[in-house]
Amino acid sequence: MTLNLKNTFEDVGNATLFAARFFKEVFIPPYETRQFLKQCYAIGYKSLPLVAITGFIMGLVLTLQSRPTLVKFGAESWLPGMVALSLIREIAPVITALICAGKVSSGIGAELGSMKVTEQIDAMEVSAINPYKYLVVTRILATTLMVPILVIFADAIGILGGYAGINIHGDVSFYRYITKIFQSLEFLDIIPATIKTFFFGFFIGMIGCYKGFNASNGTESVGKAANSAVVTASLTIFIIDMLAVQITDLFF
Amino acid sequence: MEKQSGYTWKLGMFVTIGLLLFILAVYFIGKQKNIFGSTFRLTSSFKTVSGLEIGNNVRFSGINIGTIDEIQLVNDSTVVVGMVIKDDVREFIKTDAKASIGSDGLMGDKVLTITPGIKSQKIVENNAQIASLSSIEMSDIMKTVKKSMDNVGVISEELAIFSHSMNNGNGALAKLIRDPGMANAMDKTLNNLEKGTKGFSENMEAAKSNFLLRGYFKKKEKEKEEKLEEAKEAKEKKEEQQEKAEKEKVKTK
Amino acid sequence: MLNEKENTGTKTKADKKTAIIEIKDLHKTFGNDNHVLKGVNFTVNKGEDLVVLGRSGSGKSVTIKCIVGLITPDKGEINVFEENVLELKKKELNEMRVRIGFLFQSGALYDSMSVRENLAFTLRKHKRDLNADEIESEVLEALDNVGLSDAIDKMPSELSGGMRKRIGLARTLILKPEIILYDEPTTGLDTITSREISELILDIKHRRKTTSIIITHDMACAKLTADRIIVLKEGTIQAEGTYGELEKSEDEWVRSFFE
């Protein structure tokens with residue numbers, strides 16, 4: 001029990017050091033620009049279809065589900081605003097982050113894990129290439145910058161989905177729908193929601209890299225690294241989300 | 001190199017569209033809040049702003065024309081409200097326009113409504129102050145309601161005292177209502193009175209038949225008939241007048 | 001200074017040669033009680049091929065990983081090019097690592113890159129003044145050295161085990177190292193391929209005048225490549241000598257390798 005606790009603390013400590021190393025190395029040249037762009041492409045662009053489909057469905061379903069309640073209160077006209085608000089503030093960031101945790105974090109965990117196991121990371125180290133810089137910094141930076149953009153896409157496509165949902169029952173012009181949404185939006189709705197997505201992205205990348213980079217030898221540990229990357233990243237997303245909402249609530 | 005450009009343009013497109021969407025969202029929300037585009041400012045001071053908040057809408061003739069951007073407490077009974085309004089509507093707001101605070105629906109947000117003035121033809125300046133109408137406060141309504149409730153209270157209290165003294169006091173009215181002895185006495189008196197009048201009328205019949213007094217009675221009967229006729233005439237006249245009045249009423253309608 | 005060290009070190013038949021790698025009293029423990037290295041001492045002279053024999057878990061790989069600074073030993077001293085590896089700063093260590101080639105057991109090719117990129121990657125990182133054409137010609141030359149010029153556009157997953165090892169070797173050679181450390185170069189390969197690899201090692205030694213440490217339990221490979229052999233047992237050196245000497249060793253345990 002005490003040993004377990006000690007191990008947990010050691011893990012947290014290692015992860016913290018790992019994250020701290022990122023901030024130290026991200027500013028030191030040489031910069032791995034090419035690798036960074038490649039990762040941005042793999043993480044951002046390649047996740048777009050998945051995020052787009054989920055975003056659309058979320059918008060559609062949210063509209064259909066909220067509609068009966070709002071109709072009961074005679075507040076049907078609030079539907080676009082309400083759907084957009086819940087999409088932008090909460091649902092799109094969290095769902096996108098969870099999808100990225102599943103797709104990106106596990107991918108990074110498995111990739112780096114297998115590189116570790118097949119000694120590719122050691123090979124880099126031995127040929128005097130900083131593997132942390134080449135593999136980890138580029139990936140964390142890419143997730144930190146790409147997840148917010150994916151969330152913006154999810155927001156936009158989710159709003160489109162909401163429009164489809166509204167048009168199943170009624171007929172609202174698209175212009176009117178968009179106007180209604182912007183009427184109900186404020187900066188307070190998008191700014192904190194956007195800021196927290198950077199944290200989501202950072203932790204998705206960081207946890208994936210940490211788990212992969214620290215995979216022990218053996219093929220089995222690759223699967224373990226990928227699995228625990230997803231679990232830890234998803235949990236972390238919820239915790240960050242809670243903290244973000246609390247902090248936003250506190251200051252505004 | 002070819003391989004690299006194969007994905008860089010896709011990445012570039014992805015990032016550009018994403019950022020563009022974000023910027024558009026910021027722009028449109030900003031436009032909604034009148035941060036971009038030409039605006040001008042007006043201020044107005046109120047005794048109370050009834051929960052008006054920064055960001056609430058400003059309305060003119062029922063159209064949203066701007067937002068509240070500042071609410072400042074100047075002293076214990078004055079709040080200065082600053083508002084940002086679209087420049088396009090400035091020509092319609094004259095110097096004697098008045099600001100008032102109302103609410104949007106019963107539970108809705110507060111809105112600041114600008115009511116146009118009547119006389120002035122001068123357009124308001126930027127940063128000008130316009131007069132304010134004290135807003136209809138829910139608490140004010142409650143105050144008037146309370147006043148009438150107080151009055152009702154006083155009345156009912158007096159009523160209570162009155163009925164109490166009726167029941168328990170010794171005044172004539174109270175006795176009349178409560179005392180059975182009194183009721184009996186009244187009854188007797190009334191019986192006596194009946195008997196007395198009967199006797200009197202008999203005496204009178206006898207007197208009529210008396211020749212000495214016959215002339216007098218005849219004269220009296222004549223006068224009585226004349227009076228009756230007069231009364232009839234007056235009644236008819238009155239009815240006519242009433243009909244006329246009703247007709248006129250219908251006409252005016 | 002050098003002579004002193006050689007005297008305190010192991011008795012070698014090449015006393016007059018310069019020691020390039022010196023390892024003194026190396027200790028390493030993993031976890032709490034997994035004592036892998038218990039005082040390993042040996043030197044490698046310039047131009048020599050040293051074969052390290054030993055059963056799995058005897059600490060062979062740990063020893064050569066200590067040399068390139070992949071593993072930090074608990075105790076001991078490692079001198080490479082007359083510099084103590086354990087006291088080098090990160091930058092100095094990296095400068096030293098460029099002069100040492102390391103061939104991993106599996107080849108350790110970067111899965112996400114083609115063969116060309118695998119080779120060019122290392123080159124590009126260290127020789128930034130090279131243009132694309134120069135890199136291309138160097139890559140081709142390195143592949144030619146290992147006889148796999150036609151595999152240049154393949155991905156590592158398309159290669160066989162032997163090819164992976166050879167590409168790995170080409171990648172190691174492209175930086176023209178003075179020392180090459182081979183971690184089980186022939187493990188998992190059939191006899192013919194093993195022989196090819198062994199010959200390649202020998203060929204490289206003759207052409208490039210490199211110094212090597214070869215970890216193996218493949219006796220055919222050891223016989224072909226070894227100038228000198230040391231045998232590790234449970235974290236200490238059990239025996240040392242040429243192939244011929246050890247074959248006739250009195251120690252039965254040592255002799256068992258040769259049967």
# chains A, B, ... in the order shown; residues from 1 in each chain; ligands from 1
call {"tool": "interface_residues", "arguments": {"of": "chain A", "to": "chain B", "cutoff": "8 Å", "atoms": "only C-alpha atoms", "output": "MDAnalysis selection string"}}
result
chainID A and resid 37:38 40:41 44:45 149:150 152:153 156 182:183 185:187
call {"tool": "residues_around", "arguments": {"residues": "range 161-177 of chain A", "least_positions_apart": "2", "cutoff": "8 Å", "atoms": "only C-alpha atoms", "output": "list in words"}}
result
Gly55, Phe56, Ile57, Met58, Gly59, Leu60, Val61, Leu62, Thr63, Leu64, Pro80, Val83, Ala84, Ile157, Gly158, Ile159, Thr179, Lys180 and Ile181 of chain A
call {"tool": "write_last_selection", "arguments": {"atoms": "N, CA and C atoms", "output": "mmCIF file, in the first residue's frame"}}
result
data_model
loop_
_atom_site.group_PDB
_atom_site.id
_atom_site.type_symbol
_atom_site.label_atom_id
_atom_site.label_comp_id
_atom_site.auth_asym_id
_atom_site.auth_seq_id
_atom_site.Cartn_x
_atom_site.Cartn_y
_atom_site.Cartn_z
ATOM 1 N N GLY A 55 -18.655 16.284 -34.315
ATOM 2 C CA GLY A 55 -19.184 17.619 -34.069
ATOM 3 C C GLY A 55 -20.569 17.765 -34.666
ATOM 4 N N PHE A 56 -20.735 17.295 -35.887
ATOM 5 C CA PHE A 56 -22.020 17.406 -36.564
ATOM 6 C C PHE A 56 -23.093 16.654 -35.790
ATOM 7 N N ILE A 57 -22.757 15.431 -35.402
ATOM 8 C CA ILE A 57 -23.732 14.611 -34.690
ATOM 9 C C ILE A 57 -24.078 15.252 -33.353
ATOM 10 N N MET A 58 -23.079 15.779 -32.677
ATOM 11 C CA MET A 58 -23.321 16.424 -31.390
ATOM 12 C C MET A 58 -24.303 17.587 -31.538
ATOM 13 N N GLY A 59 -24.060 18.417 -32.539
ATOM 14 C CA GLY A 59 -24.935 19.567 -32.762
ATOM 15 C C GLY A 59 -26.351 19.126 -33.069
ATOM 16 N N LEU A 60 -26.455 18.122 -33.926
ATOM 17 C CA LEU A 60 -27.765 17.622 -34.350
ATOM 18 C C LEU A 60 -28.521 17.032 -33.167
ATOM 19 N N VAL A 61 -27.834 16.170 -32.430
ATOM 20 C CA VAL A 61 -28.477 15.456 -31.331
ATOM 21 C C VAL A 61 -28.857 16.413 -30.215
ATOM 22 N N LEU A 62 -27.952 17.334 -29.932
ATOM 23 C CA LEU A 62 -28.214 18.299 -28.868
ATOM 24 C C LEU A 62 -29.460 19.116 -29.194
ATOM 25 N N THR A 63 -29.599 19.499 -30.452
ATOM 26 C CA THR A 63 -30.763 20.275 -30.870
ATOM 27 C C THR A 63 -32.035 19.452 -30.709
ATOM 28 N N LEU A 64 -31.990 18.228 -31.191
ATOM 29 C CA LEU A 64 -33.191 17.389 -31.137
ATOM 30 C C LEU A 64 -33.576 17.080 -29.693
ATOM 31 N N PRO A 80 -31.409 27.834 -30.945
ATOM 32 C CA PRO A 80 -30.086 28.017 -31.576
ATOM 33 C C PRO A 80 -29.055 28.541 -30.585
ATOM 34 N N VAL A 83 -28.089 25.810 -28.018
ATOM 35 C CA VAL A 83 -27.244 24.759 -28.598
ATOM 36 C C VAL A 83 -25.840 25.287 -28.860
ATOM 37 N N ALA A 84 -25.761 26.494 -29.428
ATOM 38 C CA ALA A 84 -24.449 27.055 -29.733
ATOM 39 C C ALA A 84 -23.654 27.274 -28.461
ATOM 40 N N ILE A 157 -18.834 23.070 -37.099
ATOM 41 C CA ILE A 157 -19.583 21.983 -37.714
ATOM 42 C C ILE A 157 -20.742 21.566 -36.809
ATOM 43 N N GLY A 158 -20.534 21.655 -35.508
ATOM 44 C CA GLY A 158 -21.618 21.373 -34.559
ATOM 45 C C GLY A 158 -22.769 22.342 -34.747
ATOM 46 N N ILE A 159 -22.445 23.606 -35.005
ATOM 47 C CA ILE A 159 -23.494 24.604 -35.238
ATOM 48 C C ILE A 159 -24.253 24.282 -36.522
ATOM 49 N N THR A 179 -27.623 34.599 -37.000
ATOM 50 C CA THR A 179 -27.823 35.849 -36.270
ATOM 51 C C THR A 179 -28.244 35.565 -34.842
ATOM 52 N N LYS A 180 -29.156 34.615 -34.705
ATOM 53 C CA LYS A 180 -29.646 34.261 -33.368
ATOM 54 C C LYS A 180 -28.496 33.767 -32.495
ATOM 55 N N ILE A 181 -27.617 32.974 -33.102
ATOM 56 C CA ILE A 181 -26.495 32.428 -32.343
ATOM 57 C C ILE A 181 -25.560 33.538 -31.884
#
call {"tool": "closest_atom_pairs", "arguments": {"of": "chain C", "to": "chain A", "cutoff": "6 Å", "atoms": "only C-alpha atoms", "output": "Markdown table"}}
result
| residue | atom | partner | partner_atom | distance |
| --- | --- | --- | --- | --- |
| C:Asn94 | CA | A:Ala128 | CA | 4.8 |
| C:Arg97 | CA | A:Ala128 | CA | 5.8 |
| C:Val98 | CA | A:Ser127 | CA | 5.9 |
| C:Ala108 | CA | A:Gln120 | CA | 4.7 |
call {"tool": "residues_around", "arguments": {"residues": "range 234-239 of chain C", "least_positions_apart": "2", "cutoff": "10 Å", "atoms": "only C-alpha atoms", "output": "count of residues only"}}
result
34
call {"tool": "atom_distance", "arguments": {"atom1": "CA of Pro93 in chain A", "atom2": "CA of Phe199 in chain A"}}
result
10.7 Å
call {"tool": "select_by_dssp", "arguments": {"residues": "range 49-198 of chain B", "states": "helix (DSSP H, G or I)", "output": "ChimeraX atom specification"}}
result
/B:87-92,138-168,172-178,180-198
call {"tool": "write_last_selection", "arguments": {"atoms": "C-alpha atoms", "output": "short mmCIF file (atom, residue, chain, number, x, y, z; two decimals), in the first residue's frame"}}
result
data_model
loop_
_atom_site.label_atom_id
_atom_site.label_comp_id
_atom_site.auth_asym_id
_atom_site.auth_seq_id
_atom_site.Cartn_x
_atom_site.Cartn_y
_atom_site.Cartn_z
CA ASP B 87 -23.43 55.87 -35.20
CA ASP B 88 -26.18 55.26 -37.76
CA VAL B 89 -28.97 56.01 -35.31
CA ARG B 90 -27.41 59.15 -33.88
CA GLU B 91 -29.38 61.46 -36.19
CA PHE B 92 -32.61 60.16 -34.71
CA MET B 138 -41.10 46.56 -8.88
CA SER B 139 -40.54 47.91 -5.37
CA ASP B 140 -42.40 51.10 -6.28
CA ILE B 141 -45.33 49.05 -7.43
CA MET B 142 -45.17 47.15 -4.23
CA LYS B 143 -45.17 50.46 -2.32
CA THR B 144 -48.48 51.60 -3.83
CA VAL B 145 -49.95 48.22 -3.33
CA LYS B 146 -48.87 48.40 0.25
CA LYS B 147 -50.50 51.78 0.72
CA SER B 148 -53.87 50.52 -0.44
CA MET B 149 -53.38 47.43 1.62
CA ASP B 150 -52.78 49.67 4.62
CA ASN B 151 -55.96 51.57 3.92
CA VAL B 152 -57.90 48.38 3.66
CA GLY B 153 -56.43 47.45 6.96
CA VAL B 154 -57.61 50.63 8.61
CA ILE B 155 -61.10 50.22 7.20
CA SER B 156 -61.46 46.68 8.25
CA GLU B 157 -60.18 47.56 11.69
CA GLU B 158 -62.81 50.27 12.04
CA LEU B 159 -65.42 47.90 10.80
CA ALA B 160 -64.37 45.46 13.39
CA ILE B 161 -64.66 48.06 16.12
CA PHE B 162 -68.08 49.08 14.84
CA SER B 163 -69.47 45.59 14.80
CA HIS B 164 -67.98 44.98 18.17
CA SER B 165 -69.75 47.97 19.69
CA MET B 166 -72.96 46.89 17.99
CA ASN B 167 -72.75 43.59 19.67
CA ASN B 168 -71.60 44.66 23.06
CA ALA B 172 -79.98 52.62 20.94
CA LEU B 173 -79.06 50.71 17.86
CA ALA B 174 -77.35 48.00 19.81
CA LYS B 175 -80.38 47.66 22.04
CA LEU B 176 -82.69 47.58 19.10
CA ILE B 177 -80.76 44.65 17.71
CA ARG B 178 -80.00 42.67 20.77
CA PRO B 180 -85.75 41.15 23.32
CA GLY B 181 -87.53 43.40 25.92
CA MET B 182 -87.04 46.34 23.71
CA ALA B 183 -88.41 44.40 20.78
CA ASN B 184 -91.57 43.58 22.78
CA ALA B 185 -91.98 47.14 23.81
CA MET B 186 -91.65 48.23 20.22
CA ASP B 187 -94.21 45.70 19.20
CA LYS B 188 -96.71 47.04 21.78
CA THR B 189 -96.09 50.57 20.78
CA LEU B 190 -96.73 49.69 17.21
CA ASN B 191 -99.96 47.89 18.11
CA ASN B 192 -101.14 50.87 20.09
CA LEU B 193 -100.28 53.14 17.25
CA GLU B 194 -102.35 51.03 14.89
CA LYS B 195 -105.31 51.11 17.18
CA GLY B 196 -104.92 54.86 17.61
CA THR B 197 -104.87 55.52 13.88
CA LYS B 198 -107.88 53.32 13.34
#
call {"tool": "residues_around", "arguments": {"residues": "Ala226 in chain C", "least_positions_apart": "2", "cutoff": "12 Å", "atoms": "only C-alpha atoms", "output": "MDAnalysis selection string"}}
result
chainID C and resid 44 47:53 198:199 201:202 205 211:216 218:224 228:230 240:246
call {"tool": "select_by_dssp", "arguments": {"residues": "range 5-237 of chain B", "states": "strand (DSSP E or B)", "output": "PDB file with C-alpha atoms, in the first residue's frame"}}
result
ATOM      1  CA  THR B  39     -20.138  54.147 -32.469  1.00  0.00           C
ATOM      2  CA  PHE B  40     -20.785  57.049 -30.180  1.00  0.00           C
ATOM      3  CA  ARG B  41     -21.377  57.309 -26.459  1.00  0.00           C
ATOM      4  CA  LEU B  42     -24.165  58.656 -24.373  1.00  0.00           C
ATOM      5  CA  THR B  43     -24.521  58.866 -20.643  1.00  0.00           C
ATOM      6  CA  SER B  44     -27.491  59.244 -18.407  1.00  0.00           C
ATOM      7  CA  SER B  45     -27.780  59.372 -14.665  1.00  0.00           C
ATOM      8  CA  PHE B  46     -30.304  57.410 -12.699  1.00  0.00           C
ATOM      9  CA  ASN B  57     -29.048  46.239 -24.734  1.00  0.00           C
ATOM     10  CA  VAL B  58     -30.027  49.803 -25.448  1.00  0.00           C
ATOM     11  CA  ARG B  59     -33.266  50.185 -27.360  1.00  0.00           C
ATOM     12  CA  PHE B  60     -34.689  52.979 -29.400  1.00  0.00           C
ATOM     13  CA  ILE B  63     -34.695  48.319 -31.967  1.00  0.00           C
ATOM     14  CA  ASN B  64     -31.454  47.248 -30.362  1.00  0.00           C
ATOM     15  CA  ILE B  65     -29.064  50.033 -31.149  1.00  0.00           C
ATOM     16  CA  GLY B  66     -26.293  49.540 -28.654  1.00  0.00           C
ATOM     17  CA  THR B  67     -25.107  48.252 -25.335  1.00  0.00           C
ATOM     18  CA  ILE B  68     -24.343  49.443 -21.856  1.00  0.00           C
ATOM     19  CA  ASP B  69     -20.615  49.710 -21.376  1.00  0.00           C
ATOM     20  CA  GLU B  70     -20.273  51.407 -18.039  1.00  0.00           C
ATOM     21  CA  ILE B  71     -22.223  51.660 -14.821  1.00  0.00           C
ATOM     22  CA  GLN B  72     -20.731  53.933 -12.221  1.00  0.00           C
ATOM     23  CA  LEU B  73     -21.943  54.881  -8.809  1.00  0.00           C
ATOM     24  CA  VAL B  74     -21.319  58.632  -8.423  1.00  0.00           C
ATOM     25  CA  ASN B  75     -22.850  59.153  -5.029  1.00  0.00           C
ATOM     26  CA  THR B  78     -26.844  58.785  -8.505  1.00  0.00           C
ATOM     27  CA  VAL B  79     -25.680  56.125 -10.921  1.00  0.00           C
ATOM     28  CA  VAL B  80     -24.210  57.185 -14.229  1.00  0.00           C
ATOM     29  CA  VAL B  81     -24.812  54.726 -17.042  1.00  0.00           C
ATOM     30  CA  GLY B  82     -22.635  54.923 -20.136  1.00  0.00           C
ATOM     31  CA  MET B  83     -23.810  53.350 -23.373  1.00  0.00           C
ATOM     32  CA  VAL B  84     -22.241  52.687 -26.736  1.00  0.00           C
ATOM     33  CA  ILE B  85     -24.603  53.238 -29.627  1.00  0.00           C
ATOM     34  CA  LYS B  86     -24.276  52.707 -33.353  1.00  0.00           C
ATOM     35  CA  LYS B  94     -32.369  64.431 -30.199  1.00  0.00           C
ATOM     36  CA  LYS B  98     -35.008  60.417 -22.339  1.00  0.00           C
ATOM     37  CA  ALA B  99     -33.539  57.175 -21.068  1.00  0.00           C
ATOM     38  CA  SER B 100     -35.489  54.777 -18.952  1.00  0.00           C
ATOM     39  CA  ILE B 101     -34.865  51.307 -17.659  1.00  0.00           C
ATOM     40  CA  GLY B 102     -37.344  48.572 -18.256  1.00  0.00           C
ATOM     41  CA  SER B 103     -37.250  44.854 -18.436  1.00  0.00           C
ATOM     42  CA  LYS B 110     -33.073  44.723 -18.150  1.00  0.00           C
ATOM     43  CA  VAL B 111     -32.964  47.013 -21.127  1.00  0.00           C
ATOM     44  CA  LEU B 112     -32.302  50.707 -21.349  1.00  0.00           C
ATOM     45  CA  THR B 113     -34.886  52.328 -23.547  1.00  0.00           C
ATOM     46  CA  ILE B 114     -34.355  55.724 -25.125  1.00  0.00           C
ATOM     47  CA  THR B 115     -37.603  57.576 -25.679  1.00  0.00           C
ATOM     48  CA  ILE B 123     -28.962  65.883 -32.662  1.00  0.00           C
ATOM     49  CA  ALA B 128     -23.637  63.874 -24.235  1.00  0.00           C
ATOM     50  CA  GLN B 129     -25.807  63.295 -21.234  1.00  0.00           C
ATOM     51  CA  ALA B 131     -32.234  63.033 -19.207  1.00  0.00           C
ATOM     52  CA  SER B 132     -33.628  59.986 -17.504  1.00  0.00           C
TER      53      SER B 132
END
call {"tool": "residues_around", "arguments": {"residues": "Ile21 in chain C", "least_positions_apart": "5", "cutoff": "8 Å", "atoms": "only C-alpha atoms", "output": "PyMOL selection string"}}
result
chain C and resi 43-45+78-82
call {"tool": "write_last_selection", "arguments": {"atoms": "C-alpha atoms", "output": "PDB file, in the first residue's frame"}}
result
ATOM      1  CA  THR C  43      40.464  -2.099 -22.417  1.00  0.00           C
ATOM      2  CA  VAL C  44      40.102  -1.997 -26.168  1.00  0.00           C
ATOM      3  CA  ASN C  45      43.019  -0.938 -28.265  1.00  0.00           C
ATOM      4  CA  ILE C  78      34.831   4.709 -18.504  1.00  0.00           C
ATOM      5  CA  ASN C  79      37.459   6.407 -20.632  1.00  0.00           C
ATOM      6  CA  VAL C  80      36.860   6.801 -24.332  1.00  0.00           C
ATOM      7  CA  PHE C  81      39.325   8.797 -26.412  1.00  0.00           C
ATOM      8  CA  GLU C  82      41.014   9.560 -23.097  1.00  0.00           C
TER       9      GLU C  82
END
